[in-house]
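Undergrad: Structure: query-v4.txt, compact mmCIF, C-alpha atoms.
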# COMPACT_ATOMS: atom_id res chain seq x y z
CA MET A 19 -19.17 139.09 0.96
CA ARG A 20 -15.93 141.01 0.64
CA TYR A 21 -16.26 144.77 -0.02
CA LEU A 22 -19.87 144.69 1.19
CA ASP A 23 -19.88 142.95 4.57
CA GLU A 24 -17.22 145.35 5.81
CA TYR A 25 -19.69 148.20 5.38
CA ARG A 26 -22.63 146.41 7.01
CA ASP A 27 -21.00 145.29 10.26
CA PRO A 28 -23.60 145.56 13.08
CA GLY A 29 -20.99 146.16 15.78
CA LEU A 30 -19.43 149.06 13.88
CA ALA A 31 -22.89 150.46 13.20
CA ARG A 32 -23.74 150.43 16.89
CA GLY A 33 -20.44 152.19 17.61
CA LEU A 34 -21.23 154.97 15.13
CA LEU A 35 -24.72 155.36 16.58
CA ASP A 36 -23.24 155.66 20.08
CA ARG A 37 -20.86 158.36 18.85
CA LEU A 38 -23.77 160.18 17.22
CA ARG A 39 -25.77 160.11 20.47
CA ARG A 40 -22.84 161.55 22.39
CA ARG A 41 -22.07 164.20 19.76
CA ALA A 42 -25.55 165.57 18.98
CA THR A 43 -26.65 168.15 21.53
CA ARG A 44 -29.63 169.55 19.63
CA PRO A 45 -31.96 168.69 16.71
CA TRP A 46 -30.45 168.71 13.22
CA ARG A 47 -32.02 168.20 9.81
CA ILE A 48 -29.85 166.56 7.14
CA MET A 49 -30.79 165.83 3.52
CA GLU A 50 -29.45 162.75 1.75
CA VAL A 51 -29.43 163.89 -1.87
CA CYS A 52 -29.45 160.51 -3.61
CA GLY A 53 -32.36 158.10 -3.89
CA GLY A 54 -29.95 155.18 -3.51
CA GLN A 55 -28.98 156.54 -0.12
CA THR A 56 -32.66 156.94 0.77
CA HIS A 57 -33.30 153.27 0.01
CA THR A 58 -30.43 152.15 2.28
CA LEU A 59 -31.59 154.44 5.09
CA VAL A 60 -35.17 153.19 4.91
CA ARG A 61 -34.47 149.51 4.13
CA GLN A 62 -31.98 149.23 7.01
CA GLY A 63 -34.13 151.33 9.35
CA ILE A 64 -31.21 153.71 9.93
CA ASP A 65 -33.43 156.79 9.94
CA GLU A 66 -35.41 155.26 12.82
CA LEU A 67 -32.27 154.39 14.83
CA LEU A 68 -30.78 157.87 14.80
CA PRO A 69 -30.73 159.87 18.02
CA ALA A 70 -33.92 161.78 18.72
CA GLY A 71 -33.83 165.12 16.99
CA ILE A 72 -31.68 164.10 14.02
CA ARG A 73 -34.05 163.95 11.07
CA MET A 74 -33.20 162.79 7.59
CA ILE A 75 -34.87 164.68 4.76
CA HIS A 76 -35.11 162.75 1.51
CA GLY A 77 -33.73 164.67 -1.45
CA PRO A 78 -34.41 164.91 -5.20
CA GLY A 79 -31.61 162.59 -6.30
CA CYS A 80 -33.66 160.01 -8.15
CA PRO A 81 -32.97 160.33 -11.90
CA VAL A 82 -36.20 158.65 -12.91
CA CYS A 83 -38.30 160.77 -10.53
CA VAL A 84 -37.02 164.14 -11.71
CA THR A 85 -37.22 163.43 -15.45
CA PRO A 86 -39.80 166.01 -16.52
CA LEU A 87 -43.23 164.99 -17.64
CA GLU A 88 -42.65 166.74 -20.96
CA THR A 89 -39.74 164.39 -21.68
CA LEU A 90 -41.89 161.34 -20.89
CA ASP A 91 -44.61 162.61 -23.21
CA ARG A 92 -42.05 163.23 -25.94
CA ALA A 93 -40.66 159.73 -25.41
CA MET A 94 -44.09 158.21 -25.89
CA ALA A 95 -44.80 160.33 -28.95
CA VAL A 96 -41.56 159.08 -30.51
CA ALA A 97 -42.02 155.48 -29.38
CA ALA A 98 -45.50 155.33 -30.93
CA ARG A 99 -44.11 155.90 -34.42
CA PRO A 100 -44.06 152.70 -36.51
CA GLU A 101 -40.52 153.17 -37.80
CA VAL A 102 -39.03 153.64 -34.31
CA THR A 103 -37.40 151.18 -31.93
CA PHE A 104 -37.42 153.01 -28.61
CA THR A 105 -34.86 151.93 -25.99
CA SER A 106 -34.63 152.76 -22.30
CA PHE A 107 -33.57 151.46 -18.91
CA GLY A 108 -36.33 149.38 -17.31
CA ASP A 109 -37.36 151.88 -14.62
CA MET A 110 -38.49 154.42 -17.18
CA LEU A 111 -41.04 152.11 -18.80
CA ARG A 112 -43.58 152.39 -15.97
CA VAL A 113 -43.22 156.08 -15.16
CA PRO A 114 -46.55 157.76 -15.90
CA GLY A 115 -46.75 160.45 -18.54
CA THR A 116 -49.76 162.65 -19.04
CA ARG A 117 -51.88 159.92 -20.63
CA THR A 118 -49.97 156.63 -20.52
CA ASP A 119 -46.55 155.02 -19.99
CA LEU A 120 -44.02 153.27 -22.20
CA LEU A 121 -44.93 149.81 -20.93
CA SER A 122 -48.59 150.29 -21.88
CA LEU A 123 -47.48 151.64 -25.23
CA ARG A 124 -45.45 148.46 -25.78
CA ALA A 125 -48.48 146.35 -24.89
CA ARG A 126 -50.34 148.14 -27.68
CA GLY A 127 -47.68 147.17 -30.22
CA ALA A 128 -44.96 149.82 -30.02
CA ASP A 129 -41.36 148.56 -30.35
CA VAL A 130 -40.11 149.55 -26.88
CA ARG A 131 -37.08 147.63 -25.62
CA VAL A 132 -35.20 147.56 -22.30
CA VAL A 133 -31.44 147.96 -22.59
CA TYR A 134 -28.73 147.86 -19.96
CA SER A 135 -26.40 150.35 -21.60
CA PRO A 136 -26.71 153.10 -24.22
CA MET A 137 -24.19 151.09 -26.24
CA ASP A 138 -26.82 148.32 -26.49
CA ALA A 139 -28.99 150.84 -28.35
CA VAL A 140 -26.12 151.64 -30.71
CA ARG A 141 -25.67 147.92 -31.40
CA ILE A 142 -29.37 147.62 -32.23
CA ALA A 143 -29.02 150.53 -34.65
CA VAL A 144 -26.10 148.75 -36.35
CA ALA A 145 -27.94 145.43 -36.52
CA GLU A 146 -31.25 146.88 -37.73
CA PRO A 147 -30.46 149.70 -40.17
CA GLU A 148 -34.06 149.79 -41.40
CA ARG A 149 -35.22 150.95 -37.92
CA GLN A 150 -34.83 154.38 -36.30
CA VAL A 151 -33.34 153.54 -32.87
CA VAL A 152 -33.84 156.08 -30.08
CA PHE A 153 -32.31 155.97 -26.58
CA LEU A 154 -33.84 157.85 -23.65
CA ALA A 155 -30.80 159.55 -22.08
CA VAL A 156 -31.76 160.61 -18.57
CA GLY A 157 -30.04 160.88 -15.20
CA PHE A 158 -27.50 162.94 -13.33
CA GLU A 159 -23.78 163.43 -13.95
CA THR A 160 -23.33 159.69 -13.35
CA THR A 161 -24.97 158.51 -16.57
CA ALA A 162 -23.94 161.39 -18.80
CA PRO A 163 -20.46 160.01 -19.69
CA ALA A 164 -21.82 156.69 -21.01
CA ASN A 165 -24.53 158.46 -22.99
CA ALA A 166 -21.97 160.85 -24.43
CA MET A 167 -19.77 157.90 -25.43
CA ALA A 168 -22.72 156.30 -27.23
CA VAL A 169 -23.26 159.46 -29.27
CA LEU A 170 -19.56 159.65 -30.13
CA HIS A 171 -19.56 155.98 -31.14
CA ALA A 172 -22.64 156.43 -33.31
CA ARG A 173 -21.00 159.36 -35.06
CA ARG A 174 -17.82 157.36 -35.57
CA LEU A 175 -19.94 154.65 -37.25
CA ALA A 176 -21.81 157.30 -39.28
CA LEU A 177 -25.13 155.92 -38.02
CA ALA A 178 -28.04 157.86 -39.49
CA ASN A 179 -30.63 155.75 -37.65
CA PHE A 180 -29.53 156.43 -34.04
CA SER A 181 -30.58 159.35 -31.86
CA VAL A 182 -31.00 160.23 -28.17
CA LEU A 183 -33.77 161.98 -26.27
CA VAL A 184 -31.72 163.90 -23.71
CA SER A 185 -32.92 164.95 -20.27
CA HIS A 186 -29.86 165.08 -18.06
CA VAL A 187 -29.92 167.08 -14.83
CA LEU A 188 -27.16 168.46 -12.60
CA VAL A 189 -27.06 168.18 -8.80
CA PRO A 190 -25.47 171.47 -7.58
CA PRO A 191 -28.14 173.78 -9.10
CA ALA A 192 -30.85 171.71 -7.40
CA MET A 193 -29.11 171.99 -4.02
CA THR A 194 -28.77 175.75 -4.51
CA ALA A 195 -32.46 176.04 -5.39
CA LEU A 196 -33.50 174.05 -2.34
CA LEU A 197 -31.45 176.26 -0.02
CA ALA A 198 -32.90 179.41 -1.61
CA ASP A 199 -36.42 178.35 -0.64
CA PRO A 200 -37.38 180.33 2.50
CA ASP A 201 -39.19 177.23 3.84
CA CYS A 202 -36.14 174.99 3.41
CA GLU A 203 -35.27 173.11 6.62
CA VAL A 204 -32.07 171.48 5.37
CA GLN A 205 -29.02 172.25 7.53
CA ALA A 206 -26.54 169.82 5.96
CA PHE A 207 -26.24 167.60 2.87
CA LEU A 208 -25.00 164.10 2.25
CA ALA A 209 -23.80 164.45 -1.36
CA ALA A 210 -24.16 161.47 -3.69
CA GLY A 211 -20.90 159.54 -3.88
CA HIS A 212 -21.31 158.30 -7.44
CA VAL A 213 -21.97 161.81 -8.80
CA CYS A 214 -18.83 163.02 -7.03
CA ALA A 215 -16.85 160.04 -8.39
CA VAL A 216 -17.44 161.60 -11.81
CA MET A 217 -17.41 165.33 -11.04
CA GLY A 218 -15.35 165.55 -7.84
CA TRP A 219 -16.52 167.83 -5.06
CA THR A 220 -15.10 171.25 -5.93
CA GLN A 221 -18.48 172.26 -7.36
CA TYR A 222 -19.97 171.98 -3.83
CA GLU A 223 -17.40 174.22 -2.18
CA PRO A 224 -19.08 177.51 -3.27
CA ILE A 225 -22.43 176.21 -1.96
CA ALA A 226 -20.94 175.25 1.40
CA ALA A 227 -19.08 178.53 1.72
CA ARG A 228 -21.91 180.81 0.57
CA ARG A 229 -24.62 179.09 2.62
CA HIS A 230 -22.37 177.94 5.47
CA VAL A 231 -23.85 174.46 5.13
CA PRO A 232 -21.92 171.21 5.64
CA VAL A 233 -21.71 168.95 2.58
CA VAL A 234 -20.37 165.44 3.17
CA VAL A 235 -19.64 163.27 0.12
CA THR A 236 -21.10 159.93 1.21
CA GLY A 237 -21.34 156.36 -0.06
CA PHE A 238 -24.32 154.05 -0.08
CA GLU A 239 -23.70 151.27 2.44
CA PRO A 240 -25.08 151.49 6.00
CA LEU A 241 -21.72 152.36 7.57
CA ASP A 242 -21.07 154.94 4.85
CA LEU A 243 -24.29 156.70 5.71
CA LEU A 244 -23.84 156.51 9.47
CA GLU A 245 -20.32 157.91 9.19
CA GLY A 246 -21.50 160.61 6.77
CA ILE A 247 -24.27 161.64 9.17
CA LEU A 248 -21.75 161.72 12.04
CA MET A 249 -19.39 163.91 10.00
CA ALA A 250 -22.26 166.28 9.15
CA VAL A 251 -23.37 166.47 12.79
CA GLU A 252 -19.83 167.17 13.94
CA GLN A 253 -19.62 170.10 11.51
CA LEU A 254 -23.01 171.42 12.65
CA GLU A 255 -22.09 171.12 16.32
CA GLU A 256 -18.80 172.96 15.68
CA GLY A 257 -20.42 175.67 13.55
CA ARG A 258 -18.56 174.67 10.39
CA GLY A 259 -19.88 174.61 6.83
CA GLU A 260 -17.35 172.74 4.69
CA VAL A 261 -17.12 169.97 2.12
CA GLU A 262 -15.77 166.70 3.50
CA ASN A 263 -15.31 163.34 1.84
CA GLN A 264 -16.53 160.21 3.61
CA TYR A 265 -16.37 158.17 0.37
CA ALA A 266 -12.60 158.36 -0.02
CA ARG A 267 -12.36 154.83 -1.42
CA ALA A 268 -14.17 155.98 -4.59
CA VAL A 269 -14.06 159.78 -4.83
CA ARG A 270 -11.22 162.16 -5.54
CA ARG A 271 -11.43 165.92 -5.19
CA SER A 272 -11.11 166.50 -8.93
CA GLY A 273 -13.27 163.53 -9.93
CA ASN A 274 -12.84 161.58 -13.16
CA ARG A 275 -11.28 163.95 -15.69
CA PRO A 276 -11.75 161.74 -18.81
CA ALA A 277 -15.45 161.36 -17.94
CA GLN A 278 -15.78 165.12 -17.47
CA GLN A 279 -14.07 165.72 -20.81
CA VAL A 280 -16.44 163.47 -22.73
CA ILE A 281 -19.42 165.17 -21.08
CA GLY A 282 -18.01 168.57 -22.03
CA ARG A 283 -17.42 167.48 -25.59
CA VAL A 284 -20.91 166.14 -26.33
CA PHE A 285 -23.18 168.18 -24.04
CA GLN A 286 -23.63 171.79 -23.00
CA VAL A 287 -25.34 173.23 -19.94
CA THR A 288 -28.94 174.32 -20.36
CA ASP A 289 -31.95 175.32 -18.29
CA ARG A 290 -34.01 172.29 -17.30
CA THR A 291 -37.41 171.57 -15.80
CA TRP A 292 -37.32 169.02 -12.98
CA ARG A 293 -40.42 166.92 -12.54
CA GLY A 294 -42.12 167.95 -9.33
CA ILE A 295 -39.68 170.79 -8.66
CA GLY A 296 -39.95 173.18 -11.56
CA HIS A 297 -37.70 175.09 -13.91
CA LEU A 298 -34.11 175.58 -12.69
CA PRO A 299 -31.61 177.71 -14.60
CA ALA A 300 -28.44 175.97 -15.83
CA SER A 301 -29.51 172.71 -14.21
CA GLY A 302 -29.33 170.32 -17.14
CA LEU A 303 -27.41 169.11 -20.16
CA GLN A 304 -28.40 169.10 -23.81
CA LEU A 305 -26.55 168.01 -26.92
CA ALA A 306 -24.00 170.53 -28.13
CA PRO A 307 -24.74 172.04 -31.58
CA GLU A 308 -22.07 169.82 -33.11
CA PHE A 309 -24.19 166.76 -32.21
CA ALA A 310 -27.64 168.19 -32.99
CA ALA A 311 -28.11 165.55 -35.71
CA PHE A 312 -28.48 162.97 -32.92
CA ASP A 313 -31.27 164.91 -31.14
CA ALA A 314 -34.39 162.72 -31.27
CA ALA A 315 -36.69 165.60 -30.25
CA ARG A 316 -35.65 167.55 -33.34
CA ARG A 317 -35.55 164.53 -35.63
CA PHE A 318 -39.14 163.56 -34.82
CA GLY A 319 -40.56 167.02 -34.18
CA VAL A 320 -41.83 166.43 -30.64
CA THR A 321 -40.77 169.66 -28.97
CA ASP A 322 -44.22 171.20 -28.44
CA LEU A 323 -46.49 168.93 -26.40
CA ARG A 324 -48.98 169.75 -23.65
CA SER A 325 -48.36 167.91 -20.40
CA ALA A 326 -50.26 167.76 -17.11
CA GLU A 327 -49.43 166.05 -13.81
CA HIS A 328 -51.88 163.79 -12.00
CA PRO A 329 -53.78 166.09 -9.60
CA GLU A 330 -53.37 163.74 -6.60
CA CYS A 331 -49.59 163.27 -6.84
CA ILE A 332 -47.48 165.31 -4.37
CA ALA A 333 -44.15 164.16 -5.84
CA GLY A 334 -42.80 167.71 -5.91
CA ALA A 335 -43.20 168.14 -2.16
CA ILE A 336 -41.63 164.72 -1.55
CA LEU A 337 -38.68 165.39 -3.87
CA THR A 338 -37.89 168.65 -2.07
CA GLY A 339 -38.19 167.08 1.38
CA ALA A 340 -41.24 169.16 2.32
CA ARG A 341 -43.47 166.07 2.74
CA GLU A 342 -43.02 162.35 3.33
CA PRO A 343 -44.69 159.61 1.29
CA THR A 344 -47.02 158.68 4.13
CA ASP A 345 -48.35 162.26 4.08
CA CYS A 346 -49.95 161.54 0.70
CA ALA A 347 -53.63 160.61 0.73
CA ALA A 348 -53.17 158.27 -2.23
CA TYR A 349 -50.12 156.52 -0.79
CA GLY A 350 -50.50 152.75 -0.49
CA THR A 351 -54.07 152.89 -1.77
CA ARG A 352 -54.57 154.52 -5.13
CA CYS A 353 -50.79 154.84 -5.58
CA THR A 354 -48.74 151.63 -5.27
CA PRO A 355 -45.80 150.18 -7.23
CA ARG A 356 -48.35 148.35 -9.41
CA THR A 357 -50.52 151.44 -9.92
CA PRO A 358 -48.20 154.43 -9.55
CA LEU A 359 -49.54 157.96 -9.88
CA GLY A 360 -46.05 159.47 -9.88
CA ALA A 361 -42.44 158.56 -10.57
CA PRO A 362 -41.28 158.26 -6.90
CA MET A 363 -43.45 155.15 -6.57
CA VAL A 364 -41.94 153.56 -9.69
CA SER A 365 -38.21 154.05 -9.57
CA ALA A 366 -35.72 151.79 -7.83
CA GLU A 367 -34.45 155.00 -6.22
CA GLY A 368 -37.85 156.59 -5.56
CA THR A 369 -38.65 157.65 -2.00
CA CYS A 370 -42.25 156.40 -2.16
CA ALA A 371 -41.06 153.02 -3.48
CA ALA A 372 -38.50 152.84 -0.65
CA TYR A 373 -41.17 153.47 1.99
CA TYR A 374 -43.54 150.98 0.39
CA ALA A 375 -40.86 148.26 0.12
CA ALA A 376 -39.95 148.80 3.78
CA GLY A 377 -43.56 148.28 4.85
CA ARG A 378 -44.22 151.89 5.71
CA ALA A 379 -47.17 152.08 3.34
CA THR A 380 -50.57 153.07 4.67
CA VAL A 381 -52.79 150.24 3.52
CA PRO A 382 -56.49 150.48 4.34
CA THR A 383 -58.23 147.66 6.18
CA ARG A 384 -61.40 146.02 4.86
CA SER A 385 -63.49 148.22 7.15
CA ASP A 386 -62.04 151.42 5.71
CA PRO A 387 -64.33 153.26 3.32
Let me see the file written as structure tokens.

TA:
Amino acid sequence: MRYLDEYRDPGLARGLLDRLRRRATRPWRIMEVCGGQTHTLVRQGIDELLPAGIRMIHGPGCPVCVTPLETLDRAMAVAARPEVTFTSFGDMLRVPGTRTDLLSLRARGADVRVVYSPMDAVRIAVAEPERQVVFLAVGFETTAPANAMAVLHARRLALANFSVLVSHVLVPPAMTALLADPDCEVQAFLAAGHVCAVMGWTQYEPIAARRHVPVVVTGFEPLDLLEGILMAVEQLEEGRGEVENQYARAVRRSGNRPAQQVIGRVFQVTDRTWRGIGHLPASGLQLAPEFAAFDAARRFGVTDLRSAEHPECIAGAILTGAREPTDCAAYGTRCTPRTPLGAPMVSAEGTCAAYYAAGRATVPTRSDP
């Protein structure tokens, strides 16, 4: 398959692994920021093929996983209203809130629909003017441009029955927070290629310079990741801490300027709570005052709800790389993709889901208590 097979060639992969074995002279710990990268590493077994001592730490780059519990609870409070058609990408429907999830709410009669684009939600609002249509706008810098375009389009159409529940997060503040933790073991980052395709990589240069940590913009195919790891190891071995771009076929230094402009027009930076990580200053986006009329939280008055995480879920430690899924006592038993306790077991980019899909789950035998 052209444009995919080239990046999955076994011979080239073996060559990169040989170069890694020759280049690495000591243990190194590298974090892949994106959940999509985690899934490739685990599904292809790349993390188990790396030279001894090179350890991959799975990062917080799963948009579904880091959407705060408060946002999920607000989503369910809005979706439960009889006049509302609540729309979302499919992954979000099974993410547990404090008491339930959107899929269960739909089973009880709520009008919750899966869409494949925020523009689908706008089209529903046009087609069904008697309904209040709400879109759950989550994710990193990658999804923000499309969500911003949907808001602009709704305003252009003068839609009074469309709104968005916004919970966007930004990658650089999370990387900075991870490095500030005195227990952080991360020595280099593989930055998410699709985020950098939108934002470029200049925002990582202060992090690399201040912390003297290599940051390699990396794609998502097996050879992308192996080359990105090799580039990070070469920097570590040479004592460098710079930003380099492995994903040159998709990422430019300045990113996608029109996408950045539409983000800047519709959203403004705000403090944001990350599920499992905590409150990070200037780490999210919210609607700019000019677009406050499209804020679903304000429209439906769901800004003050009490939320509480499941006591068994260790998602926060997994999202910061402090623990692995198989460290969790509930993993593969009380927490599975069919019965998730936390978001990392639900999402297509979740670390727990990646481990489970790759057969790394700890499943009890019949003789286990």

Undergrad: Considering only C-alpha atoms, state which residue in the set A:Ala206, A:Ala97, A:Val156, A:Ala226 is at the smallest distance from A:Asp109.

TA: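 Nearest candidate to A:Asp109 out of A:Ala206, A:Ala97, A:Val156, A:Ala226: A:Val156.
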
Undergrad: Taking only C-alpha atoms into account, name the residue in A:Asp23, A:Glu245, A:Asp65, A:Asp91 that is nearest to A:Thr116.

TA: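 Of A:Asp23, A:Glu245, A:Asp65, A:Asp91, the one nearest A:Thr116 is A:Asp91, counting only C-alpha atoms.
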
Undergrad: Provide the atom CA of A:Glu50 to atom CA of A:Ala372 distance in Å, to one decimal place.

TA: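 A separation of 13.6 Å between them.
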
Undergrad: Set out as a tab-separated table a contact list for stretch 93-116 of chain A and stretch 315-320 of chain A with a cut-off of 12 Å, giving each residue of stretch 93-116 of chain A that qualifies its closest atom pair and distance in Å to one decimal, counting only C-alpha atoms, ordered by chain and rising residue number.

TA:
residue	atom	partner	partner_atom	distance
A:Ala93	CA	A:Val320	CA	8.6
A:Met94	CA	A:Val320	CA	9.8
A:Ala95	CA	A:Val320	CA	7.0
A:Val96	CA	A:Phe318	CA	6.7
A:Ala97	CA	A:Phe318	CA	10.2
A:Ala98	CA	A:Phe318	CA	11.1
A:Arg99	CA	A:Phe318	CA	9.1
A:Glu101	CA	A:Phe318	CA	10.9
A:Val102	CA	A:Phe318	CA	9.9

Undergrad: In Å to one decimal, how far is atom CA of A:Gly294 from atom CA of A:Ile75?

TA: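 Spanning atom CA of A:Ile75 to atom CA of A:Gly294 is a straight-line distance of 16.2 Å.
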
Undergrad: Tell me which protein, DNA and RNA residues are within 10 Å of A:Met110, counting only C-alpha atoms, leaving out same-chain ones fewer than 4 positions away, and put them as an mmCIF file with C-alpha atoms, keeping the file's coordinate frame.

TA:
data_model
loop_
_atom_site.group_PDB
_atom_site.id
_atom_site.type_symbol
_atom_site.label_atom_id
_atom_site.label_comp_id
_atom_site.auth_asym_id
_atom_site.auth_seq_id
_atom_site.Cartn_x
_atom_site.Cartn_y
_atom_site.Cartn_z
ATOM 1 C CA PRO A 81 -32.970 160.330 -11.900
ATOM 2 C CA VAL A 82 -36.200 158.650 -12.910
ATOM 3 C CA CYS A 83 -38.300 160.770 -10.530
ATOM 4 C CA THR A 85 -37.220 163.430 -15.450
ATOM 5 C CA LEU A 90 -41.890 161.340 -20.890
ATOM 6 C CA THR A 105 -34.860 151.930 -25.990
ATOM 7 C CA SER A 106 -34.630 152.760 -22.300
ATOM 8 C CA PRO A 114 -46.550 157.760 -15.900
ATOM 9 C CA ASP A 119 -46.550 155.020 -19.990
ATOM 10 C CA LEU A 120 -44.020 153.270 -22.200
ATOM 11 C CA LEU A 121 -44.930 149.810 -20.930
ATOM 12 C CA VAL A 132 -35.200 147.560 -22.300
ATOM 13 C CA LEU A 154 -33.840 157.850 -23.650
ATOM 14 C CA VAL A 156 -31.760 160.610 -18.570
ATOM 15 C CA ALA A 361 -42.440 158.560 -10.570
ATOM 16 C CA VAL A 364 -41.940 153.560 -9.690
ATOM 17 C CA SER A 365 -38.210 154.050 -9.570
#

Undergrad: Would you write out, as CSV, a table of all residues in stretch 120-231 of chain A that have an atom no more than 9 Å from an atom of stretch 249-259 of chain A, listing for each the closest atom pair and the distance in Å to one decimal, considering only C-alpha atoms and ordering rows by chain and rising residue number?

TA:
residue,atom,partner,partner_atom,distance
A:Gln205,CA,A:Leu254,CA,7.9
A:Ala206,CA,A:Ala250,CA,6.4
A:Phe207,CA,A:Ala250,CA,7.6
A:Leu208,CA,A:Ala250,CA,7.7
A:Ala226,CA,A:Gly259,CA,5.6
A:Ala227,CA,A:Gly259,CA,6.5
A:Arg229,CA,A:Gly259,CA,7.8
A:His230,CA,A:Gly259,CA,4.4
A:Val231,CA,A:Gly259,CA,4.3

Undergrad: Taking (-17.8, 153.1, 17.6) in the file's own coordinates, collect the residues within 12 Å, counting only C-alpha atoms, and hand them back as JSON, numbers by chain.

TA: {"A": [27, 28, 29, 30, 31, 32, 33, 34, 35, 36, 37, 38, 39, 40, 241, 244, 245, 248]}

Undergrad: Please produce stretch 42-56 of chain A, completed to N, CA, C and O atoms, as a JSON list (two decimals), in the coordinates of the input.

TA:
[["chain", "number", "residue", "atom", "x", "y", "z"],
["A", 42, "ALA", "N", -24.44, 164.67, 19.30],
["A", 42, "ALA", "CA", -25.55, 165.57, 18.98],
["A", 42, "ALA", "C", -26.14, 166.16, 20.25],
["A", 42, "ALA", "O", -26.62, 165.44, 21.13],
["A", 43, "THR", "N", -26.12, 167.49, 20.34],
["A", 43, "THR", "CA", -26.65, 168.15, 21.53],
["A", 43, "THR", "C", -27.98, 168.85, 21.25],
["A", 43, "THR", "O", -28.59, 169.39, 22.17],
["A", 44, "ARG", "N", -28.39, 168.86, 19.99],
["A", 44, "ARG", "CA", -29.63, 169.55, 19.63],
["A", 44, "ARG", "C", -30.18, 168.92, 18.35],
["A", 44, "ARG", "O", -29.47, 168.16, 17.69],
["A", 45, "PRO", "N", -31.41, 169.26, 17.95],
["A", 45, "PRO", "CA", -31.96, 168.69, 16.71],
["A", 45, "PRO", "C", -31.23, 169.22, 15.48],
["A", 45, "PRO", "O", -30.85, 170.39, 15.43],
["A", 46, "TRP", "N", -31.05, 168.33, 14.50],
["A", 46, "TRP", "CA", -30.45, 168.71, 13.22],
["A", 46, "TRP", "C", -31.23, 168.05, 12.10],
["A", 46, "TRP", "O", -31.73, 166.93, 12.26],
["A", 47, "ARG", "N", -31.30, 168.73, 10.96],
["A", 47, "ARG", "CA", -32.02, 168.20, 9.81],
["A", 47, "ARG", "C", -31.04, 168.08, 8.64],
["A", 47, "ARG", "O", -30.47, 169.09, 8.19],
["A", 48, "ILE", "N", -30.86, 166.86, 8.17],
["A", 48, "ILE", "CA", -29.85, 166.56, 7.14],
["A", 48, "ILE", "C", -30.54, 165.93, 5.94],
["A", 48, "ILE", "O", -31.35, 165.01, 6.10],
["A", 49, "MET", "N", -30.20, 166.41, 4.75],
["A", 49, "MET", "CA", -30.79, 165.83, 3.52],
["A", 49, "MET", "C", -29.79, 164.88, 2.88],
["A", 49, "MET", "O", -28.65, 165.28, 2.60],
["A", 50, "GLU", "N", -30.23, 163.63, 2.63],
["A", 50, "GLU", "CA", -29.45, 162.75, 1.75],
["A", 50, "GLU", "C", -29.94, 163.02, 0.34],
["A", 50, "GLU", "O", -31.13, 162.92, 0.06],
["A", 51, "VAL", "N", -29.03, 163.43, -0.54],
["A", 51, "VAL", "CA", -29.43, 163.89, -1.87],
["A", 51, "VAL", "C", -29.89, 162.74, -2.75],
["A", 51, "VAL", "O", -30.84, 162.87, -3.52],
["A", 52, "CYS", "N", -29.25, 161.59, -2.63],
["A", 52, "CYS", "CA", -29.45, 160.51, -3.61],
["A", 52, "CYS", "C", -30.55, 159.52, -3.18],
["A", 52, "CYS", "O", -30.64, 159.15, -2.01],
["A", 53, "GLY", "N", -31.33, 159.10, -4.16],
["A", 53, "GLY", "CA", -32.36, 158.10, -3.89],
["A", 53, "GLY", "C", -31.79, 156.76, -3.46],
["A", 53, "GLY", "O", -32.42, 156.02, -2.69],
["A", 54, "GLY", "N", -30.60, 156.41, -3.95],
["A", 54, "GLY", "CA", -29.95, 155.18, -3.51],
["A", 54, "GLY", "C", -29.64, 155.22, -2.02],
["A", 54, "GLY", "O", -29.78, 154.22, -1.30],
["A", 55, "GLN", "N", -29.23, 156.38, -1.55],
["A", 55, "GLN", "CA", -28.98, 156.54, -0.12],
["A", 55, "GLN", "C", -30.30, 156.45, 0.66],
["A", 55, "GLN", "O", -30.35, 155.86, 1.74],
["A", 56, "THR", "N", -31.35, 157.02, 0.10],
["A", 56, "THR", "CA", -32.66, 156.94, 0.77],
["A", 56, "THR", "C", -33.07, 155.48, 0.96],
["A", 56, "THR", "O", -33.56, 155.08, 2.03]]
